[in-house]
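Engineer: Next comes upload03.cif, mmCIF, C-alpha atoms and all ligand atoms:
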data_entry
#
loop_
_atom_site.group_PDB
_atom_site.id
_atom_site.type_symbol
_atom_site.label_atom_id
_atom_site.label_comp_id
_atom_site.auth_asym_id
_atom_site.auth_seq_id
_atom_site.Cartn_x
_atom_site.Cartn_y
_atom_site.Cartn_z
ATOM 1 C CA MET V 5 108.611 90.145 90.130
ATOM 2 C CA SER V 6 108.172 91.720 86.703
ATOM 3 C CA LYS V 7 105.960 89.822 84.255
ATOM 4 C CA SER V 8 108.868 89.323 81.839
ATOM 5 C CA ALA V 9 111.094 87.812 84.551
ATOM 6 C CA SER V 10 108.245 85.611 85.732
ATOM 7 C CA VAL V 11 107.400 84.292 82.264
ATOM 8 C CA VAL V 12 111.060 83.540 81.493
ATOM 9 C CA LYS V 13 111.421 81.640 84.770
ATOM 10 C CA THR V 14 108.372 79.533 83.958
ATOM 11 C CA LEU V 15 109.281 78.948 80.303
ATOM 12 C CA ARG V 16 112.843 77.832 81.159
ATOM 13 C CA LYS V 17 111.357 75.065 83.267
ATOM 14 C CA LEU V 18 109.259 73.950 80.287
ATOM 15 C CA ASN V 19 111.985 74.166 77.649
ATOM 16 C CA SER V 20 115.576 74.946 78.568
ATOM 17 C CA SER V 21 116.928 74.843 74.999
ATOM 18 C CA VAL V 22 115.123 78.013 73.892
ATOM 19 C CA GLU V 23 116.837 81.361 74.351
ATOM 20 C CA TYR V 24 114.637 83.768 76.317
ATOM 21 C CA VAL V 25 115.437 87.483 76.511
ATOM 22 C CA PRO V 26 113.426 89.361 79.129
ATOM 23 C CA TYR V 27 113.083 93.127 78.730
ATOM 24 C CA GLN V 28 112.227 94.709 82.047
ATOM 25 C CA MET V 29 110.975 98.036 80.798
ATOM 26 C CA MET V 30 107.837 99.683 79.476
ATOM 27 C CA LEU V 31 107.434 99.663 75.715
ATOM 28 C CA ASN V 32 107.308 103.283 74.524
ATOM 29 C CA PRO V 33 107.511 105.233 71.258
ATOM 30 C CA SER V 34 111.278 105.727 71.598
ATOM 31 C CA ASN V 35 112.225 102.067 72.171
ATOM 32 C CA ALA V 36 109.467 100.141 70.334
ATOM 33 C CA LEU V 37 110.803 100.225 66.800
ATOM 34 C CA HIS V 38 114.371 99.302 67.742
ATOM 35 C CA LEU V 39 113.091 96.347 69.770
ATOM 36 C CA ILE V 40 110.577 95.067 67.231
ATOM 37 C CA GLN V 41 113.047 95.317 64.328
ATOM 38 C CA GLN V 42 115.160 92.600 65.953
ATOM 39 C CA TYR V 43 112.457 89.927 65.720
ATOM 40 C CA ASP V 44 110.601 88.152 62.904
ATOM 41 C CA LEU V 45 107.245 87.911 64.574
ATOM 42 C CA ILE V 46 105.497 89.874 67.316
ATOM 43 C CA ALA V 47 102.751 88.649 69.680
ATOM 44 C CA ASP V 48 100.677 91.392 71.274
ATOM 45 C CA CYS V 49 99.820 90.316 74.814
ATOM 46 C CA SER V 50 99.411 93.856 76.136
ATOM 47 C CA ASP V 51 96.523 95.068 78.253
ATOM 48 C CA ASN V 52 95.779 98.630 77.178
ATOM 49 C CA VAL V 53 94.730 100.577 74.106
ATOM 50 C CA PRO V 54 97.692 103.005 73.685
ATOM 51 C CA THR V 55 100.151 100.083 73.726
ATOM 52 C CA ARG V 56 98.102 98.220 71.106
ATOM 53 C CA TYR V 57 98.350 101.201 68.725
ATOM 54 C CA LEU V 58 102.051 101.585 69.479
ATOM 55 C CA ILE V 59 102.842 97.899 68.804
ATOM 56 C CA ASN V 60 100.778 97.949 65.608
ATOM 57 C CA ASP V 61 102.435 101.060 64.228
ATOM 58 C CA ALA V 62 105.912 99.766 65.089
ATOM 59 C CA CYS V 63 105.137 96.410 63.415
ATOM 60 C CA VAL V 64 103.932 98.183 60.263
ATOM 61 C CA ALA V 65 107.064 100.392 60.252
ATOM 62 C CA ALA V 66 109.307 97.347 60.751
ATOM 63 C CA GLY V 67 107.306 95.136 58.359
ATOM 64 C CA LYS V 68 106.595 92.448 60.950
ATOM 65 C CA PRO V 69 103.481 90.312 61.328
ATOM 66 C CA LEU V 70 101.589 90.863 64.565
ATOM 67 C CA VAL V 71 99.694 88.044 66.274
ATOM 68 C CA SER V 72 97.262 89.915 68.464
ATOM 69 C CA ALA V 73 95.110 88.407 71.216
ATOM 70 C CA SER V 74 92.970 89.965 73.894
ATOM 71 C CA ALA V 75 90.546 88.888 76.585
ATOM 72 C CA LEU V 76 88.057 90.598 78.856
ATOM 73 C CA ARG V 77 85.355 89.158 81.082
ATOM 74 C CA TRP V 78 84.009 86.103 79.168
ATOM 75 C CA GLU V 79 85.332 86.994 75.730
ATOM 76 C CA GLY V 80 88.483 86.619 73.720
ATOM 77 C CA GLN V 81 89.570 87.852 70.285
ATOM 78 C CA LEU V 82 92.532 86.971 68.128
ATOM 79 C CA THR V 83 93.784 87.940 64.688
ATOM 80 C CA VAL V 84 97.008 88.391 62.720
ATOM 81 C CA TYR V 85 97.714 91.937 61.551
ATOM 82 C CA ASN V 86 100.046 93.237 58.877
ATOM 83 C CA HIS V 87 100.648 89.865 57.257
ATOM 84 C CA ASN V 88 100.515 88.908 53.569
ATOM 85 C CA GLY V 89 98.774 92.123 52.536
ATOM 86 C CA GLY V 90 96.180 91.816 55.307
ATOM 87 C CA PRO V 91 94.922 94.719 57.407
ATOM 88 C CA CYS V 92 96.672 96.293 60.356
ATOM 89 C CA PHE V 93 95.063 97.182 63.701
ATOM 90 C CA ARG V 94 94.463 100.743 62.496
ATOM 91 C CA CYS V 95 92.707 99.559 59.326
ATOM 92 C CA LEU V 96 90.095 98.069 61.662
ATOM 93 C CA PHE V 97 90.215 100.683 64.406
ATOM 94 C CA PRO V 98 91.301 104.026 62.874
ATOM 95 C CA VAL V 99 90.204 105.908 65.988
ATOM 96 C CA PRO V 100 90.545 104.738 69.578
ATOM 97 C CA PRO V 101 87.392 104.153 71.618
ATOM 98 C CA PRO V 102 86.422 106.951 74.048
ATOM 99 C CA ALA V 103 88.642 106.501 77.122
ATOM 100 C CA GLU V 104 85.677 106.349 79.503
ATOM 101 C CA THR V 105 84.240 103.342 77.645
ATOM 102 C CA VAL V 106 87.404 101.300 78.070
ATOM 103 C CA THR V 107 87.574 99.096 81.116
ATOM 104 C CA ASN V 108 90.530 97.147 82.435
ATOM 105 C CA CYS V 109 90.692 93.630 83.841
ATOM 106 C CA ALA V 110 90.818 94.897 87.436
ATOM 107 C CA ASP V 111 87.565 96.834 87.013
ATOM 108 C CA GLY V 112 85.839 94.859 84.246
ATOM 109 C CA GLY V 113 87.019 91.476 85.426
ATOM 110 C CA VAL V 114 88.310 88.532 83.433
ATOM 111 C CA LEU V 115 87.936 84.834 84.051
ATOM 112 C CA GLY V 116 91.522 83.516 84.099
ATOM 113 C CA ILE V 117 90.685 80.553 81.874
ATOM 114 C CA VAL V 118 89.720 82.894 79.013
ATOM 115 C CA PRO V 119 93.174 84.502 78.563
ATOM 116 C CA GLY V 120 94.595 80.995 79.110
ATOM 117 C CA ILE V 121 92.673 79.681 76.104
ATOM 118 C CA MET V 122 93.423 82.760 73.989
ATOM 119 C CA GLY V 123 97.123 82.564 74.918
ATOM 120 C CA CYS V 124 97.334 78.921 73.820
ATOM 121 C CA ILE V 125 95.757 79.672 70.447
ATOM 122 C CA GLN V 126 98.032 82.703 70.078
ATOM 123 C CA ALA V 127 101.096 80.529 70.799
ATOM 124 C CA LEU V 128 99.879 77.983 68.234
ATOM 125 C CA GLU V 129 99.516 80.690 65.595
ATOM 126 C CA VAL V 130 102.994 82.054 66.410
ATOM 127 C CA LEU V 131 104.524 78.572 65.966
ATOM 128 C CA LYS V 132 102.734 78.068 62.650
ATOM 129 C CA LEU V 133 103.897 81.407 61.271
ATOM 130 C CA ALA V 134 107.428 80.973 62.621
ATOM 131 C CA SER V 135 107.724 77.610 60.882
ATOM 132 C CA GLY V 136 106.541 79.073 57.584
ATOM 133 C CA MET V 137 103.061 77.605 57.603
ATOM 134 C CA GLU V 138 99.969 79.467 56.465
ATOM 135 C CA SER V 139 98.310 81.805 58.934
ATOM 136 C CA SER V 140 94.817 80.776 59.943
ATOM 137 C CA PHE V 141 93.832 84.220 61.152
ATOM 138 C CA SER V 142 95.172 86.789 58.692
ATOM 139 C CA GLY V 143 92.077 88.810 57.707
ATOM 140 C CA ILE V 144 90.038 86.656 60.078
ATOM 141 C CA MET V 145 88.982 87.506 63.614
ATOM 142 C CA PHE V 146 88.788 84.479 65.871
ATOM 143 C CA MET V 147 86.248 85.080 68.621
ATOM 144 C CA PHE V 148 85.663 83.051 71.745
ATOM 145 C CA ASP V 149 82.573 83.451 73.861
ATOM 146 C CA ALA V 150 83.145 81.489 77.045
ATOM 147 C CA LEU V 151 79.630 82.110 78.335
ATOM 148 C CA ASP V 152 77.951 80.540 75.291
ATOM 149 C CA GLY V 153 80.830 78.104 74.779
ATOM 150 C CA ARG V 154 81.122 79.320 71.220
ATOM 151 C CA PHE V 155 84.087 79.812 68.869
ATOM 152 C CA ARG V 156 83.567 81.857 65.720
ATOM 153 C CA ASN V 157 85.707 83.038 62.817
ATOM 154 C CA ILE V 158 84.648 86.346 61.321
ATOM 155 C CA LYS V 159 86.034 87.746 58.108
ATOM 156 C CA ILE V 160 87.354 91.235 58.823
ATOM 157 C CA ARG V 161 87.681 94.228 56.523
ATOM 158 C CA ARG V 162 90.565 94.314 54.099
ATOM 159 C CA LYS V 163 93.519 96.622 54.356
ATOM 160 C CA LYS V 164 92.222 100.205 54.242
ATOM 161 C CA SER V 165 93.588 102.019 51.186
ATOM 162 C CA ASP V 166 93.846 105.246 53.167
ATOM 163 C CA CYS V 167 95.039 103.700 56.473
ATOM 164 C CA ALA V 168 97.038 106.236 58.491
ATOM 165 C CA VAL V 169 99.965 103.841 58.909
ATOM 166 C CA CYS V 170 99.899 100.947 56.432
ATOM 167 C CA SER V 171 98.646 102.630 53.218
ATOM 168 C CA SER V 172 101.057 103.482 50.420
ATOM 169 C CA ASN V 173 101.005 107.111 51.458
ATOM 170 C CA PRO V 174 100.785 106.944 55.259
ATOM 171 C CA GLU V 175 99.917 109.989 57.311
ATOM 172 C CA ILE V 176 101.828 108.684 60.320
ATOM 173 C CA GLN V 177 105.476 107.915 59.745
ATOM 174 C CA ILE V 178 106.967 108.340 63.202
ATOM 175 C CA LEU V 179 105.735 106.862 66.459
ATOM 176 C CA GLY V 180 103.967 109.625 68.376
ATOM 177 C CA ASP V 181 102.254 110.162 71.693
ATOM 178 C CA TYR V 182 99.864 107.227 72.042
ATOM 179 C CA GLU V 183 98.597 108.182 75.478
ATOM 180 C CA ALA V 184 97.466 111.558 74.111
ATOM 181 C CA PHE V 185 95.987 109.899 71.009
ATOM 182 C CA CYS V 186 93.915 107.486 73.135
ATOM 183 C CA GLY V 187 93.251 109.849 76.050
ATOM 184 C CA SER V 188 94.305 107.138 78.509
ATOM 185 C CA SER V 189 97.488 105.877 80.084
ATOM 186 C CA ALA V 190 99.534 103.033 78.633
ATOM 187 C CA SER V 191 98.908 100.735 81.577
ATOM 188 C CA ASP V 192 96.254 98.465 83.011
ATOM 189 C CA LYS V 193 96.419 100.220 86.374
ATOM 190 C CA CYS V 194 93.202 101.669 87.710
ATOM 191 C CA ARG V 195 92.838 105.310 86.846
ATOM 192 C CA THR V 196 92.828 107.889 89.594
ATOM 193 C CA LEU V 197 90.240 110.589 89.057
ATOM 194 C CA ASN V 198 90.544 114.027 90.584
ATOM 195 C CA LEU V 199 87.054 115.468 90.361
ATOM 196 C CA LEU V 200 86.873 116.892 93.879
ATOM 197 C CA SER V 201 89.008 119.371 95.800
ATOM 198 C CA ASN V 202 90.898 118.265 98.904
ATOM 199 C CA GLU V 203 88.306 119.940 101.136
ATOM 200 C CA GLU V 204 85.624 117.766 99.612
ATOM 201 C CA ARG V 205 87.468 114.568 100.499
ATOM 202 C CA LEU V 206 88.133 112.715 103.745
ATOM 203 C CA SER V 207 91.051 110.443 104.466
ATOM 204 C CA VAL V 208 90.247 107.041 105.937
ATOM 205 C CA GLN V 209 91.897 108.207 109.179
ATOM 206 C CA VAL V 210 89.548 111.196 109.419
ATOM 207 C CA TYR V 211 86.583 108.950 108.699
ATOM 208 C CA LYS V 212 87.696 106.561 111.461
ATOM 209 C CA GLN V 213 87.701 109.554 113.823
ATOM 210 C CA ILE V 214 84.156 110.460 112.713
ATOM 211 C CA LEU V 215 83.069 106.926 113.615
ATOM 212 C CA ASP V 216 84.930 106.964 116.947
ATOM 213 C CA ASP V 217 83.381 110.345 117.829
ATOM 214 C CA LYS V 218 79.956 109.034 116.811
ATOM 215 C CA VAL V 219 79.352 112.041 114.547
ATOM 216 C CA PRO V 220 75.921 111.554 112.946
ATOM 217 C CA HIS V 221 76.243 110.993 109.220
ATOM 218 C CA LEU V 222 75.030 108.872 106.346
ATOM 219 C CA LEU V 223 77.559 106.597 104.657
ATOM 220 C CA ILE V 224 76.583 105.726 101.096
ATOM 221 C CA ASP V 225 78.338 102.834 99.360
ATOM 222 C CA VAL V 226 78.050 103.372 95.595
ATOM 223 C CA ARG V 227 79.668 100.156 94.369
ATOM 224 C CA PRO V 228 77.801 97.655 92.159
ATOM 225 C CA GLN V 229 75.891 94.881 93.967
ATOM 226 C CA PRO V 230 78.393 92.030 93.335
ATOM 227 C CA GLU V 231 81.144 94.029 95.053
ATOM 228 C CA VAL V 232 78.909 94.906 97.999
ATOM 229 C CA ASP V 233 78.183 91.174 98.307
ATOM 230 C CA ILE V 234 81.915 90.562 98.811
ATOM 231 C CA CYS V 235 82.310 93.009 101.666
ATOM 232 C CA ARG V 236 80.855 96.215 103.085
ATOM 233 C CA LEU V 237 80.920 98.478 106.082
ATOM 234 C CA LYS V 238 77.890 97.354 108.053
ATOM 235 C CA HIS V 239 76.483 100.808 108.766
ATOM 236 C CA SER V 240 76.622 101.910 105.109
ATOM 237 C CA ILE V 241 73.557 102.186 102.910
ATOM 238 C CA HIS V 242 73.901 100.901 99.389
ATOM 239 C CA ILE V 243 73.008 103.054 96.381
ATOM 240 C CA PRO V 244 74.927 101.994 93.256
ATOM 241 C CA LEU V 245 76.373 104.857 91.224
ATOM 242 C CA SER V 246 74.317 103.689 88.235
ATOM 243 C CA GLN V 247 71.138 104.434 90.228
ATOM 244 C CA LEU V 248 72.327 107.882 91.271
ATOM 245 C CA GLU V 249 73.198 108.622 87.647
ATOM 246 C CA ASP V 250 69.707 107.681 86.547
ATOM 247 C CA LYS V 251 67.729 110.813 85.683
ATOM 248 C CA ASN V 252 64.664 109.347 87.396
ATOM 249 C CA PHE V 253 66.400 108.564 90.662
ATOM 250 C CA ASN V 254 64.190 109.469 93.590
ATOM 251 C CA PHE V 255 66.144 111.330 96.263
ATOM 252 C CA ASN V 256 63.215 111.357 98.695
ATOM 253 C CA PHE V 257 64.368 108.530 100.894
ATOM 254 C CA LEU V 258 67.769 110.205 101.145
ATOM 255 C CA THR V 259 66.212 113.421 102.433
ATOM 256 C CA GLU V 260 64.154 111.381 104.885
ATOM 257 C CA ARG V 261 67.211 109.645 106.252
ATOM 258 C CA LEU V 262 69.029 112.951 106.443
ATOM 259 C CA SER V 263 66.268 114.695 108.328
ATOM 260 C CA GLU V 264 66.244 111.778 110.788
ATOM 261 C CA ILE V 265 69.905 112.163 111.628
ATOM 262 C CA SER V 266 69.930 115.967 111.492
ATOM 263 C CA LYS V 267 67.643 116.204 114.523
ATOM 264 C CA ASN V 268 70.620 115.489 116.710
ATOM 265 C CA ALA V 269 73.406 116.915 114.598
ATOM 266 C CA ASP V 270 74.792 120.357 115.364
ATOM 267 C CA GLU V 271 76.729 120.835 112.215
ATOM 268 C CA LEU V 272 76.029 119.944 108.640
ATOM 269 C CA ASP V 273 79.622 119.103 107.808
ATOM 270 C CA ASN V 274 80.364 115.528 106.749
ATOM 271 C CA LYS V 275 76.710 114.632 106.831
ATOM 272 C CA VAL V 276 76.687 112.599 103.629
ATOM 273 C CA ILE V 277 79.810 110.563 103.083
ATOM 274 C CA VAL V 278 80.302 108.446 99.993
ATOM 275 C CA ILE V 279 82.546 105.442 99.653
ATOM 276 C CA CYS V 280 83.444 103.057 96.817
ATOM 277 C CA LYS V 281 86.279 100.628 96.138
ATOM 278 C CA LEU V 282 89.095 103.009 95.223
ATOM 279 C CA GLY V 283 87.715 106.539 95.467
ATOM 280 C CA ASN V 284 86.843 107.223 91.815
ATOM 281 C CA ASP V 285 83.122 106.457 91.601
ATOM 282 C CA SER V 286 82.614 108.046 95.014
ATOM 283 C CA GLN V 287 83.754 111.375 93.547
ATOM 284 C CA LYS V 288 81.268 111.082 90.692
ATOM 285 C CA ALA V 289 78.543 110.325 93.244
ATOM 286 C CA VAL V 290 79.495 113.353 95.372
ATOM 287 C CA LYS V 291 79.184 115.566 92.281
ATOM 288 C CA ILE V 292 75.654 114.271 91.692
ATOM 289 C CA LEU V 293 74.695 114.714 95.355
ATOM 290 C CA GLN V 294 76.143 118.234 95.415
ATOM 291 C CA GLU V 295 74.078 119.129 92.394
ATOM 292 C CA PHE V 296 70.980 117.795 94.116
ATOM 293 C CA SER V 297 71.814 119.748 97.271
ATOM 294 C CA ASN V 298 72.474 122.930 95.252
ATOM 295 C CA ARG V 299 69.006 122.737 93.776
ATOM 296 C CA GLY V 300 67.942 123.807 97.261
ATOM 297 C CA ILE V 301 65.542 121.000 98.050
ATOM 298 C CA TYR V 302 67.523 119.829 101.013
ATOM 299 C CA LYS V 303 70.911 121.291 101.879
ATOM 300 C CA PHE V 304 73.713 119.032 102.952
ATOM 301 C CA ILE V 305 77.418 118.654 102.494
ATOM 302 C CA ALA V 306 78.642 115.595 100.635
ATOM 303 C CA LYS V 307 82.183 114.328 100.787
ATOM 304 C CA ASP V 308 83.890 111.156 99.715
ATOM 305 C CA ILE V 309 86.554 108.933 101.209
ATOM 306 C CA LYS V 310 89.910 109.040 99.448
ATOM 307 C CA GLY V 311 91.171 105.638 98.378
ATOM 308 C CA GLY V 312 87.822 104.034 99.274
ATOM 309 C CA LEU V 313 87.415 100.690 100.969
ATOM 310 C CA MET V 314 90.780 99.438 99.783
ATOM 311 C CA ALA V 315 92.468 102.273 101.694
ATOM 312 C CA TRP V 316 90.235 101.416 104.666
ATOM 313 C CA SER V 317 91.485 97.833 104.516
ATOM 314 C CA GLU V 318 95.103 98.903 104.096
ATOM 315 C CA LYS V 319 95.290 101.604 106.741
ATOM 316 C CA ILE V 320 92.487 101.073 109.254
ATOM 317 C CA ASP V 321 91.129 97.529 109.291
ATOM 318 C CA PRO V 322 93.459 94.798 107.946
ATOM 319 C CA THR V 323 90.670 92.215 108.434
ATOM 320 C CA PHE V 324 88.535 94.004 105.796
ATOM 321 C CA PRO V 325 88.881 92.044 102.505
ATOM 322 C CA GLN V 326 90.999 93.312 99.585
ATOM 323 C CA TYR V 327 89.671 92.312 96.191
HETATM 324 ZN ZN ZN K 401 96.378 99.703 58.307
#
Turn the structure described in the file into structure tokens.
Ligand SMILES: [Zn+2]
Structural biologist:
Amino acid sequence: MSKSASVVKTLRKLNSSVEYVPYQMMLNPSNALHLIQQYDLIADCSDNVPTRYLINDACVAAGKPLVSASALRWEGQLTVYNHNGGPCFRCLFPVPPPAETVTNCADGGVLGIVPGIMGCIQALEVLKLASGMESSFSGIMFMFDALDGRFRNIKIRRKKSDCAVCSSNPEIQILGDYEAFCGSSASDKCRTLNLLSNEERLSVQVYKQILDDKVPHLLIDVRPQPEVDICRLKHSIHIPLSQLEDKNFNFNFLTERLSEISKNADELDNKVIVICKLGNDSQKAVKILQEFSNRGIYKFIAKDIKGGLMAWSEKIDPTFPQY
């Protein structure tokens, strides 16, 4: 079920006298302004950076206040943009963060209670503004740290006189390509990297065959420890990607393990196989291992498993946990 249909279903049970209008579509630069113009107040509950810029710019263009809340891991933030001469999102964040530094809830994790708390405060602020009361968070960032159990209000910078959208002479007057601007897609879905060629990757079916044929190899699991604690393939050895990326990482034990198995192996193909959750980090790890191998210290061929352990669970072993 789409999120909008689900939320309407739930809200109707709570209050049947309110009119709910679900929109089952993605917000984009061609529909955002038309949609936002029809309402007095906008709440940003989105989950990705391009959409946050898009909603902000459309709210500025339409002259609507924006009650913005977000949550990740143990932290939540909330403020009201573009209200009573206060700043807009771009006044605070003129340039998007580098795409590789942005995590999503699937990868970064979020404790469900945190967005629950932030959503309640956001709803409270929406009701206050809608009924003509003063905003508590215009020009103020409300911050919640669930780990410390701390709420804080921080005064944020004023409206930027040269803001690209909300200044008197704005640089941006039409809604553009936000995915290009942010270098990331306008969704919370996990990104799919394509760092390796097809020849450098194994399907889970091919890997199953390698296991069935008892082909000697080393399987390296590069996920972080907490994920390995959830589930793992028993014969894998665990080297987190962060360790491989460390300049001081000592490859010696790897060469030792490889020389052990190579005594009986006829071919070098598929000797080092890397796996992670979805097949993104495993590609990064293969690149590092290839570089090490190319330096000529110990030659081997590294490949990764497409789709990672989640593909393994889906296509080979349904008893392997999905998380
Ligand atoms: Zn601005």
Engineer: Kindly provide, as a list of chain:residue names, all nucleotide and amino acid residues lying within 6 Å of ligand ZN 401 (chain K), counting only C-alpha atoms and all ligand atoms.
Structural biologist: V:Pro91, V:Cys92, V:Arg94, V:Cys95, V:Lys163, V:Lys164, V:Cys167, V:Val169, V:Cys170
Engineer: Save out the residues we just selected, C-alpha atoms, as a compact mmCIF listing (two decimals), in the frame of the given file.
Structural biologist:
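File result_36.txt, as written:
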# COMPACT_ATOMS: atom_id res chain seq x y z
CA PRO V 91 94.92 94.72 57.41
CA CYS V 92 96.67 96.29 60.36
CA ARG V 94 94.46 100.74 62.50
CA CYS V 95 92.71 99.56 59.33
CA LYS V 163 93.52 96.62 54.36
CA LYS V 164 92.22 100.20 54.24
CA CYS V 167 95.04 103.70 56.47
CA VAL V 169 99.96 103.84 58.91
CA CYS V 170 99.90 100.95 56.43
Engineer: Might you pull out every residue within 10 Å of Leu115 (chain V), with all atoms listed in the file counted and same-chain residues fewer than 5 positions away left off, and present them as an mmCIF file with C-alpha atoms, in the coordinates of the input?
Structural biologist:
data_model
loop_
_atom_site.group_PDB
_atom_site.id
_atom_site.type_symbol
_atom_site.label_atom_id
_atom_site.label_comp_id
_atom_site.auth_asym_id
_atom_site.auth_seq_id
_atom_site.Cartn_x
_atom_site.Cartn_y
_atom_site.Cartn_z
ATOM 1 C CA ALA V 75 90.546 88.888 76.585
ATOM 2 C CA LEU V 76 88.057 90.598 78.856
ATOM 3 C CA ARG V 77 85.355 89.158 81.082
ATOM 4 C CA TRP V 78 84.009 86.103 79.168
ATOM 5 C CA GLU V 79 85.332 86.994 75.730
ATOM 6 C CA CYS V 109 90.692 93.630 83.841
ATOM 7 C CA GLY V 120 94.595 80.995 79.110
ATOM 8 C CA ALA V 150 83.145 81.489 77.045
#
Engineer: Could you tell me how far CA of Arg227 (chain V) lies from CA of Asn284 (chain V), in Å and to one decimal?
Structural biologist: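 Separating CA of Arg227 (chain V) from CA of Asn284 (chain V) is a distance of 10.4 Å.
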Engineer: Please identify all polymer residues within 7 Å of Arg205 (chain V), counting all atoms listed in the file, omitting same-chain residues fewer than 2 positions from it, and present them as a list in words.
Structural biologist: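 Returned residues: Ser201, Asn202, Glu203, Ser207, Lys307, Asp308, Ile309 and Lys310 of chain V.
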Engineer: Which residues, written as a PyMOL selection string, have at least one atom at most 10 Å from region 276-280 of chain V, with all atoms listed in the file counted and residues fewer than 5 positions away on the same chain left out?
Structural biologist: chain V and resi 204-206+211+220-228+231-232+236-237+240-245+258+262+285-290+293-294+304-314
Engineer: Run the PyMOL selection byres (((chain V and resi 168) around 12) and not hetatm) mentally over the shown coordinates, then write out the matched residues as a PyMOL selection string, using the chain letters and numbers from the document.
Structural biologist: chain V and resi 57+60-61+64-65+91-99+163-167+169-179
Engineer: Save out the residues we just selected, C-alpha atoms, as a short mmCIF file (atom, residue, chain, number, x, y, z; two decimals), keeping the file's coordinate frame.
Structural biologist:
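Contents of the output file part_2.cif:
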data_model
loop_
_atom_site.label_atom_id
_atom_site.label_comp_id
_atom_site.auth_asym_id
_atom_site.auth_seq_id
_atom_site.Cartn_x
_atom_site.Cartn_y
_atom_site.Cartn_z
CA TYR V 57 98.35 101.20 68.72
CA ASN V 60 100.78 97.95 65.61
CA ASP V 61 102.44 101.06 64.23
CA VAL V 64 103.93 98.18 60.26
CA ALA V 65 107.06 100.39 60.25
CA PRO V 91 94.92 94.72 57.41
CA CYS V 92 96.67 96.29 60.36
CA PHE V 93 95.06 97.18 63.70
CA ARG V 94 94.46 100.74 62.50
CA CYS V 95 92.71 99.56 59.33
CA LEU V 96 90.10 98.07 61.66
CA PHE V 97 90.22 100.68 64.41
CA PRO V 98 91.30 104.03 62.87
CA VAL V 99 90.20 105.91 65.99
CA LYS V 163 93.52 96.62 54.36
CA LYS V 164 92.22 100.20 54.24
CA SER V 165 93.59 102.02 51.19
CA ASP V 166 93.85 105.25 53.17
CA CYS V 167 95.04 103.70 56.47
CA VAL V 169 99.96 103.84 58.91
CA CYS V 170 99.90 100.95 56.43
CA SER V 171 98.65 102.63 53.22
CA SER V 172 101.06 103.48 50.42
CA ASN V 173 101.00 107.11 51.46
CA PRO V 174 100.78 106.94 55.26
CA GLU V 175 99.92 109.99 57.31
CA ILE V 176 101.83 108.68 60.32
CA GLN V 177 105.48 107.92 59.74
CA ILE V 178 106.97 108.34 63.20
CA LEU V 179 105.74 106.86 66.46
#
Engineer: So how far away is CA of Tyr182 (chain V) from CA of Lys7 (chain V), in Å?
Structural biologist: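 Answer for the CA of Lys7 (chain V) to CA of Tyr182 (chain V) separation: 22.1 Å.
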Engineer: Counting only C-alpha atoms, I want the residues whose atoms come within 10 Å of (87.8, 85.6, 67.4) in the file frame, returned as a PyMOL selection string.
Structural biologist: chain V and resi 73-74+79-83+122+141+144-149+154-159
Engineer: Give me, as a PyMOL selection string, all polymer residues having an atom no more than 10 Å from Ile234 (chain V), counting all atoms listed in the file and skipping those fewer than 6 positions away in the same chain.
Structural biologist: chain V and resi 325-327
Engineer: Which value, in Å to one decimal, gives the distance between CA of Asp217 (chain V) and CA of Ser266 (chain V)?
Structural biologist: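 Separating CA of Asp217 (chain V) from CA of Ser266 (chain V) is a distance of 15.9 Å.
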